[in-house]
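Notes for the one structure printed next.
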Amino acid sequence: MSLILIAALPFLGALLPGLMIRSGRTACAWATASVTLTALIGLLVHAPAVMRGEVIQYQLEWMPLLGLNANFFLDGLGLLFAGLILGIGLLIIIYARFYLSRQDPMGQFYTYLLLFQGAMVGIVLSDNVLMLLIFWELTSLSSFLLIGYWKHLPEGRQGARMALAVTGMGGLALIGGMLILGNIVGSYDLTVILQNKELIQASPLYLPALILILLGCFTKSAQFPFHFWLPHAMAAPTPVSAYLHSATMVKAGLFLMARLWPVLAGTPEWFYIVATTGLITMVLGAVIALFKDDLKALLAFSTVSHLGLITMLLGFGTPFAAVVAVFHIINHATFKAALFMSAGIVDHETHTRDIKRLGGLRHLMPVTFTIVMVAGLSMAGIPLFNGFLSKEMMLDAATEAAWNGNHWLVPALATLGALFSVAYSFRLIVHTFLGPKRDDYPAKPHDPGFGMWAPPALLAVLVVLIGIMPALMVGPLVATASGAVIGGDLPYYSLKIWHGVNAALFMSIAAVVGGLVLLAMHRPLDAAWIRARRPEAKAIFDALMRAVTGAANALTDGLHNGAMTRYAAVFTLAVIAAGSAAWFGGTNPAPAREALAIGPVPLIGWILLMVATVCMVAYHRNRLLSLVLMGIVGLIVSVAFAYMSAPDLALTQISVEVVTIILLLLALNFLPKHSPVESSNARRFRDGTIAVLGGLAVGGLSLAMLLSDFSQESISAFHLANSKPGGGGTNVVNVILVDFRGFDTFGEIIVLGIAALVIFAMTESVLGSPVGAWLKQRPINPLEAGDRHPLMMVVATRVMMPIALMVGVFIFLRGHNEPGGGFIAGLIVAIALVMQYMASGFDWATARQRYPYHMIIALGVFAAAFTGIGSWFADRPFLTSNYGYFQIPPMGEFELATAMAFDVGVFLCVVGAVMLGLESLSRFAHRAGDRPSPYPMDIDPSRDLPQEAKDA
Amino acid sequence: MNHWIIAPVLLPALIAAVIILAARYQVALQRVFSVASTLGLLGISTGLLIESMSGRIGVYELGNWPAPFGIVLVLDRLSATMITLTSALAVAVVLYAIGSGWDKRGHHFHALFQFQLMGILGAFLTGDAFNLFVFFEVLLIASYGLMIHGGGAVRLRAGVQYVLYNLLGSTLFLFALGTIYAVTGTLNMADLALRVAELPADDTAMIRVAAILLLLVFAVKAALIPLHFWLPATYAEAPAPIAALFAVMTKIGAYAIIRMYTLVFGPDVMVTADIIGPWLMPAAIVTLVIGMVGVLGATHLGRLAAFAAVGSMGTLLIAVALFTPQATTAALYYMIHSTLAGAALFLVVDMVRARRQSEDDAIASRPAIAQNGLIAAYFFATAIAMAGMPPLSGFLGKLLVMDAVRAHDLVWVIWAAILIGSLIAVVGFARAGSMVFWKVETQPEDATPDAGPGTPPAALPFVATGSLVAGIVALTVFAGPVTAFLSDTSAQIFDRQSYIAAVMETPRAIEAENLPLEGTKK
C-alpha cells in the first residue's frame, strides 16, 4: 500500500464511525478497527523490505513554491513508530468499545481517535518537515478534542486547553526551528536534511534552530519544565490516556529527536540541553509519581519519568545510547499501555482510581492483577521482563556519560530515578492489589469481560516474551530502527538478560533494594510530602492564563473604548506625524508661482469666513446658530468659486448648500437644541490643539500646492481642447462630468441614491423601534408656530413652482455649453419641490406626488446606465457619447447629444435622492393623533367668507 | 469589442435599480434578483479570471477616451483574482442572509447589497485613482446602510462611528488625490507611474506627502494600527452576514496598497521607497499582535471575530510591506484565505447568536444551543483556519509569509510576532470554543427544552457557511496550482512596464470614426 494511503486511511476512515454508530456500538467499533487494521496490514507489507534496509518512498507535489510536498518515506524508525501507533491503536479501539458507557457518544470518540491516529502516522512517515509540522499540530488539535471528550467535566476542558496551549506553543516554536533548518539546508525534505550534518552544525543558526526544535519536542514529550500538562490530560477517558499519553503522542517528541538525531546530536549543546532535561525529568517524574494516589496520575508521572529517560539517552549522543533509547521506546509502549488499560479497568470496575481506597483486589480481579503485576514489574525493571533489559542498558550508557567532567553525577541520578521507579511500581502493585480485602469499595470489583482485558493481556504477554527472548522478538526491529536513528553503522550491543557482573548490575540492585526500602517508608514520606509546600503547576498555569487573559482584555478594551474623539485624535495625529515626516524627508523647491495680491473682495470674503469659523467654534453648542454659521461658510465658498471663474462649481455649491441646510434643519427638529458639554477642559484643550495642528497641516499643504506648478502638462489641456470637437459641448466642466469622466458621475449619482435609500431604511427601522414610539408620543412644544402653513408662503411657493421648474429645465438644457447641467438642475427642482412640502405640508404635497421617489432614483440609474450601454450597439465602450445637429424649423439648428440622456439620469437621481431623504426625515414629524389637514393652508380667508360672498 | 470587463460593475447596479424600482416591498422577488445577480457575477468574474490567465492585460476605456484623459478599467490577474474572490464570497453571504432571515429585518437589504458589490468590484477593476475614490464612496455609503441594517441602538452608534471614521479617511483621500494631481497633473494610475518616475529630483516633498497620505487612506480601509479603530465595533455590531462580507472590505485596502505601491510608488521609486515599506512593516507587526491579543481578550464572539480579522490583516500587511514578488504571492494567498476564513467565522458566530436568548454572543456558559455539535465543528474549523493552525490554508499562508520575510532585517521580530500571535490566538479560540460549546449550562428541570428563541433548523445557513469552509479546504488542497497562479500574478504586478504599456497604448476601439456627423475625437 502506498505510504500516502497509509497516512490518509485513518483520516478518510474518520468519517466511518460517525456514520456506523447508527447501526450500533459494536458495528462502529468494528468499522474503526477495520480501518486501522487495513492501514496496519498496508504497513506490514512493507516491513520485509524495510528490514532489509530499504527505504520506501512516496512523493506528491503539493505546494512546490514553498517546498511543501506530500513526501513520505518509511525506514526502520518510521516502521517502528507506525507499527506502534497502528498496533496499539487497534488494541485501544477494541478496549474502548467496552470501556465507553452507553451515554458516551462513541462515534465522535472513534472519529477523533482516527484523526489522531492519522496525524501520528503522518508524523512518523513524513519526508518533508513542513508536512511533519502539519501532522504535528494536528496531533495537538485532535488530542485537544480527545482530552475534552467528556466536555461536561471541567477537568477535561481545562486539561484540554492546557495541553493545547503547551503543545501548541511547542508546535509553533517547532515551526520556527524547522524553517531555520530548511533555510540552512535549502530544502525541507527530511532525507536531504539528514545528509547535511556538517552544514547544519556549522551554521550560526544551529543553536536557535536546535532550541526551537527542542522546545517542540520537550513540550510534546512532557519534559521538564513542560511536564505539567500531561497529568492534567489524564482527565481524558482512559483509552485516550493509554494511547496518546503513554504509547504514541508523547513519543512524538522522542521520535523527532530520534529522527533528527543524525544531524542535531553529537554537539555539546545537544548533550547539555537534551541529556540534562531528560535526566531532570526522569528523576522528578519518578519522585512525584511515588506520591500520587490517583492510579492514572501515578502512571502519568511515571510516563513523564520514562520519557525523560529516553530523552536523556538520546541526549547522550552516543550510538549505543540511541539503540537503548529505541529499545526502551518499544518496551515502555508495551508495559505502559497495558498498565493504563488496567488502571482503566480498575476504575471501571471499582469506580475509583484512588490507591488509598483500594487494596486487596488480588483475589477479586485476578486477571487484572496478573496483567498489572507483569507490566508493573517490567516498569520496575525486574529481570525476565522487558523493562529490565532496557533499564540495564540505560544504566550502562549512563556510566559512560560525563556531565561537565563529572563522571558520577549522571549514573547516580539515573540510579536514583530507577530507584524511585522501583518504588512507585511496587506501590502500584502492592497498594492496589495486595493486602487485605476491603469492604468499602465504591463498587463491587470483579474482572471485566474478555474484550476489555484481552488488549492489555496481549501486551503483557509481549512484555514477558520480549523480556525472555529479546533478540528473537525484537532484535531485527531494534537493529533496523536504531540504524535509521544513527544513520550509520550500529555500535556493539546485545539484547540479552545476563550481561555479566558490571556496574549497571550493581546500580540496578541498588535501585531495587532502595526502592523497596522507600516503599516500606511510604507512609511517613507521604505525610511529609503532603505537608511540604510544592509549586502546583496547574495553579501557576491557571493564574498565568488568568493574568494573560485579563491583561489582553484590559489592553483590548482599554485601547478600543469606543470613544470617537480618541479615535479621531489618534487618526489626526498619525496623519500629521506621517505627513510631516514625509514632507521634511524630501526637498521642496522654491515656489513656482507668485502669490496673488489680495484684493478687497477676497479680503472681505476671507474675513467673513474667518469670523464665521471662529464663531462656529465659540457657539457650536447652539445647534441652530451653528447651522447658520455653516451657511455663511458655504456661501463664501460659493462666492469664492464664482470669483475664481468657476460658475458651475458656484452654482452647484450654492444649491447643495440650500438643500443640505434644509435637510439639516429638518433633522434638527428632532434633536436637542444644544450640544451638552461632554469632556473636561483639559480634554478640549488637547482636542483643540490637535485640531489646530491638523488645520495648519492642511493649510500648509494647500499653500504649497497653490504655489507649485505641475511637473508635466496636466491632462486638463486635453479636456479643454477636446471638449467641443470630442464631447460636443463648450462647457468643459459639464463635458468632463458627463463624458470625459462620466463614469465617475455614474458612481456619484449612485452614491446619492444609496444615501437616500439608507436614510429611508434607517428611518423605517428607527420608527419601528421604541424611539419611534417615543417620537409619536412626544408632547407638542407650545412655542411651535400655530400657523403651520402660512398663507403667504403657500401662495408664494406655488407661484414660484413653475418658475423654478422652468429655471431647472433651462439650467439643464444649457448645461452642455454654458454653466448648468443635470446635477444643478436636479437640485433646483428639488428645492422647488421641497418648498411645496415646507409651505403646504407633507401630506398635502405627498398626495399630489404621483411617482414614488424610489422609482425616480431607479429610473435615474437606468437612464444613465442605458445611455452608456447604448454605445455598445455602435461597438463603442460604455458611455461613449455622440452628438449631432438637427434642424427644427422654428428654432433653428439644435444640438442633441447622448450625454444629455445621461444628464437626465443624473437629474433624476438627484431629485429622487433629495426628495426621498426629505420624505424620510419628515416621517419623524408625525405624531400620534396628527390628522392631515384637508387644506393646503391653515388660515384661508376665502373659507371664512359667507357662502353668498363666494357665490358673488 | 469586449464589454465583459465592465459587467461586474454594471450588473449589480442595474439589478439594484430593478429591485428598488419593481421589488421594493417583495422580499421574495428581491431574493431572486439578488441571488441571480450574485451568481451571474460569479460566472462573469470566473470568466474574466480565466481570460486573465493568458497574461494579457485587458483595458476598457470608458467613453472611448484614451488613457490618461478618460477613465479606464483594467483587468489583470490581480484584479481578476480579487473580483472572483469577492463574488464567490458574495454568493455565500447572500445565501446566508436569506437563510437566516437577516434580509427581512429592515429595508433595502438586497439593493444595498448589490450596490455594495458594485462598489467593491469597481474598486478592484478601476485603473484611475479618482475613480477609485468614487468606488470607495459607493462601497462606503452602501456598507454603512448594510451595517446598520436591522437597527438597534448599539448598532446605530457603532454605525455612526464607522461612517464618521471612514469619512475622515475619504477626506484624507481627497487631500491625497489633490496633492497627487497638483504635482503630476494626472489621475490615471499608469500615467501616474510614468510621471512619478520622471519627477525632478529636487521636488520630492509634495509627492512624498501624497504617497504617505494615500497609504494612510488605504491603511484605514485595511485596519492598520493606529488607523484600525473603526473596525472592532463595526464588525462586532454589524449584522453577521454583513460582517462576513466586510471580510473583503479590509482586503480592498490591502489590494489598493499592493496596486499603488508597486505600480506608482514602487519599491524602485527612490523618492518614496524609504517611507512606504519601512513604515508599513512595523505597523503591520503591531497590528498582528494587537489583533491576536484582542482574540484572547475578547469577551464576546463578535469582538473575537473582529480582532481575528485585525490580526489577519496584520499578517497580510507584513507580506505586503515587503513589496517583493515572493512576498506578494504569499500576501495574495493569505488574502484569499483570510477573506474566506474571516467570513466563515462571522457566519458561525451568527449561528450561535441566532440560537441564544436575545442574540447574546458572550463567551460564557449558556444553555446548550440547537445543533451544538455541528456549529462547534464549524467553529473548530474556522478557528483553526483563522489562528493559522494546520492543516488548513491559514497555516500554509503563514508559512508562505514567514518564508518570504527571510531576507528582511526584522525577520526574527516578524517570525516571533507571527508564531506568538498564533499561540495567543489558539489559546483565545480554545478558551472561547470550550466556554461556548462545551461548558453549557444545564437547563433547570422545569424549563421546556424548546423554549429557546428562534431556533431555525433551516439548512441554508449551514450550506452557506459550509461552502466557505469548503473553499478553505479547497484552497488548502489545491495550494499548488493556486500559488502557481498567484506567483504569475505577482510577477505581472511587478512587471510595471506591461501594465503601463497596456493602458497607455491601447488602440482605440474605433480609430477613425466614420460617423455621419462630425463627432470625431482626437
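Simple scheme: letters A, B, ... for chains in C-alpha cells order, numbers from 1 for residues in each chain, numbers from 1 for ligands in the order shown.
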
Item to check | Contacts of stretch 9-24 of chain B at 6 Å (only C-alpha atoms; same-chain gap of 3+ positions) as number ranges by chain | outcome: A: 855, 858; B: 6, 30, 111, 114-115, 118, 122

Emit the selected residues as an mmCIF file, in the first residue's frame, including all heavy atoms.
```cif
data_model
loop_
_atom_site.group_PDB
_atom_site.id
_atom_site.type_symbol
_atom_site.label_atom_id
_atom_site.label_comp_id
_atom_site.auth_asym_id
_atom_site.auth_seq_id
_atom_site.Cartn_x
_atom_site.Cartn_y
_atom_site.Cartn_z
ATOM 1 N N MET A 855 -38.692 55.196 -7.151
ATOM 2 C CA MET A 855 -38.775 54.915 -8.570
ATOM 3 C C MET A 855 -37.944 55.921 -9.352
ATOM 4 O O MET A 855 -37.264 55.572 -10.317
ATOM 5 C CB MET A 855 -40.236 55.017 -8.973
ATOM 6 C CG MET A 855 -40.538 54.502 -10.327
ATOM 7 S SD MET A 855 -42.321 54.597 -10.535
ATOM 8 C CE MET A 855 -42.395 55.622 -11.960
ATOM 9 N N ALA A 858 -34.355 54.987 -9.179
ATOM 10 C CA ALA A 858 -34.084 53.829 -10.021
ATOM 11 C C ALA A 858 -34.079 54.221 -11.495
ATOM 12 O O ALA A 858 -33.199 53.805 -12.258
ATOM 13 C CB ALA A 858 -35.116 52.741 -9.758
ATOM 14 N N ILE B 6 -16.601 45.511 -17.853
ATOM 15 C CA ILE B 6 -17.419 46.446 -17.085
ATOM 16 C C ILE B 6 -18.651 45.758 -16.480
ATOM 17 O O ILE B 6 -19.313 46.312 -15.594
ATOM 18 C CB ILE B 6 -17.831 47.655 -17.956
ATOM 19 C CG1 ILE B 6 -18.269 48.812 -17.050
ATOM 20 C CG2 ILE B 6 -18.886 47.289 -18.968
ATOM 21 C CD1 ILE B 6 -18.564 50.076 -17.783
ATOM 22 N N GLN B 30 -36.970 40.165 -4.413
ATOM 23 C CA GLN B 30 -35.625 40.724 -4.190
ATOM 24 C C GLN B 30 -34.597 39.608 -4.098
ATOM 25 O O GLN B 30 -33.507 39.700 -4.648
ATOM 26 C CB GLN B 30 -35.585 41.512 -2.875
ATOM 27 C CG GLN B 30 -36.359 42.807 -2.911
ATOM 28 C CD GLN B 30 -36.383 43.475 -1.541
ATOM 29 O OE1 GLN B 30 -35.696 43.061 -0.619
ATOM 30 N NE2 GLN B 30 -37.195 44.505 -1.412
ATOM 31 N N ALA B 111 -30.911 45.581 -2.283
ATOM 32 C CA ALA B 111 -30.478 46.684 -3.145
ATOM 33 C C ALA B 111 -29.127 47.207 -2.669
ATOM 34 O O ALA B 111 -28.201 47.389 -3.464
ATOM 35 C CB ALA B 111 -31.523 47.795 -3.117
ATOM 36 N N GLN B 114 -26.329 44.796 -3.468
ATOM 37 C CA GLN B 114 -25.858 44.833 -4.858
ATOM 38 C C GLN B 114 -25.017 46.081 -5.108
ATOM 39 O O GLN B 114 -23.991 46.030 -5.783
ATOM 40 C CB GLN B 114 -27.045 44.775 -5.828
ATOM 41 C CG GLN B 114 -27.803 43.452 -5.801
ATOM 42 C CD GLN B 114 -26.915 42.266 -6.133
ATOM 43 O OE1 GLN B 114 -26.077 42.338 -7.016
ATOM 44 N NE2 GLN B 114 -27.076 41.175 -5.411
ATOM 45 N N PHE B 115 -25.454 47.210 -4.551
ATOM 46 C CA PHE B 115 -24.659 48.427 -4.710
ATOM 47 C C PHE B 115 -23.285 48.256 -4.065
ATOM 48 O O PHE B 115 -22.273 48.722 -4.576
ATOM 49 C CB PHE B 115 -25.382 49.626 -4.092
ATOM 50 C CG PHE B 115 -26.421 50.231 -4.993
ATOM 51 C CD1 PHE B 115 -27.668 50.573 -4.523
ATOM 52 C CD2 PHE B 115 -26.129 50.477 -6.333
ATOM 53 C CE1 PHE B 115 -28.620 51.146 -5.354
ATOM 54 C CE2 PHE B 115 -27.079 51.052 -7.167
ATOM 55 C CZ PHE B 115 -28.330 51.375 -6.681
ATOM 56 N N MET B 118 -21.184 46.392 -6.322
ATOM 57 C CA MET B 118 -20.754 47.257 -7.405
ATOM 58 C C MET B 118 -19.537 48.079 -6.971
ATOM 59 O O MET B 118 -18.546 48.186 -7.690
ATOM 60 C CB MET B 118 -21.902 48.178 -7.798
ATOM 61 C CG MET B 118 -21.492 49.254 -8.779
ATOM 62 S SD MET B 118 -22.574 50.685 -8.628
ATOM 63 C CE MET B 118 -21.696 51.849 -9.650
ATOM 64 N N GLY B 122 -15.942 47.533 -8.568
ATOM 65 C CA GLY B 122 -15.407 48.675 -9.297
ATOM 66 C C GLY B 122 -14.044 49.091 -8.760
ATOM 67 O O GLY B 122 -13.133 49.406 -9.529
#
```

Next on the checklist: Can you pull out every residue from stretch 347-490 of chain A that DSSP, working from the backbone, puts in alpha helix (DSSP H), and format the result as a PyMOL selection string?
Outcome noted: chain A and resi 347-350+366-380+386-400+409-433+450-468+470-486

Please identify the strand (DSSP E or B) residues within stretch 665-891 of chain A (assignment by DSSP from backbone atoms) and present them as a PDB file with N, CA and C atoms, in the first residue's frame.
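The file below, result_29.pdb, is the result:
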```
ATOM      1  N   HIS A 674     -29.311  72.122  22.042  1.00  0.00           N
ATOM      2  CA  HIS A 674     -27.942  72.457  22.415  1.00  0.00           C
ATOM      3  C   HIS A 674     -27.121  71.182  22.555  1.00  0.00           C
ATOM      4  N   TYR A 883     -23.037  63.034 -30.699  1.00  0.00           N
ATOM      5  CA  TYR A 883     -23.919  64.188 -30.760  1.00  0.00           C
ATOM      6  C   TYR A 883     -24.123  64.569 -32.211  1.00  0.00           C
ATOM      7  N   GLY A 884     -25.155  65.336 -32.417  1.00  0.00           N
ATOM      8  CA  GLY A 884     -25.428  65.763 -33.779  1.00  0.00           C
ATOM      9  C   GLY A 884     -26.231  67.057 -33.760  1.00  0.00           C
ATOM     10  N   TYR A 885     -26.280  67.688 -34.918  1.00  0.00           N
ATOM     11  CA  TYR A 885     -27.042  68.927 -35.019  1.00  0.00           C
ATOM     12  C   TYR A 885     -28.264  68.671 -35.883  1.00  0.00           C
ATOM     13  N   PHE A 886     -29.375  69.085 -35.394  1.00  0.00           N
ATOM     14  CA  PHE A 886     -30.627  68.833 -36.111  1.00  0.00           C
ATOM     15  C   PHE A 886     -31.318  70.165 -36.379  1.00  0.00           C
ATOM     16  N   GLN A 887     -31.976  70.232 -37.502  1.00  0.00           N
ATOM     17  CA  GLN A 887     -32.731  71.443 -37.828  1.00  0.00           C
ATOM     18  C   GLN A 887     -34.168  71.260 -37.366  1.00  0.00           C
ATOM     19  N   ILE A 888     -34.587  72.060 -36.446  1.00  0.00           N
ATOM     20  CA  ILE A 888     -36.001  72.048 -36.068  1.00  0.00           C
ATOM     21  C   ILE A 888     -36.534  73.410 -36.484  1.00  0.00           C
TER      22      ILE A 888
END
```

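Rounded to one decimal, atom CA of A:Leu74 and atom CA of A:Leu3 lie 7.7 Å from each other.
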
Checklist entry - Neighbours of B:Leu374 within 10 Å (only C-alpha atoms; same-chain residues fewer than 5 positions away dropped), as a list in words? => result Phe379, Phe380 and Phe462 of chain B

May I have the selected residues written with N, CA and C atoms, as a PDB file, in the first residue's frame?
```
ATOM      1  N   PHE B 379     -17.080  25.945  14.040  1.00  0.00           N
ATOM      2  CA  PHE B 379     -16.251  26.897  14.781  1.00  0.00           C
ATOM      3  C   PHE B 379     -14.824  26.375  14.874  1.00  0.00           C
ATOM      4  N   PHE B 380     -14.719  25.108  15.150  1.00  0.00           N
ATOM      5  CA  PHE B 380     -13.396  24.491  15.268  1.00  0.00           C
ATOM      6  C   PHE B 380     -12.615  24.691  13.978  1.00  0.00           C
ATOM      7  N   PHE B 462     -26.335  26.665   6.988  1.00  0.00           N
ATOM      8  CA  PHE B 462     -25.275  25.662   7.100  1.00  0.00           C
ATOM      9  C   PHE B 462     -24.596  25.448   5.756  1.00  0.00           C
TER      10      PHE B 462
END
```
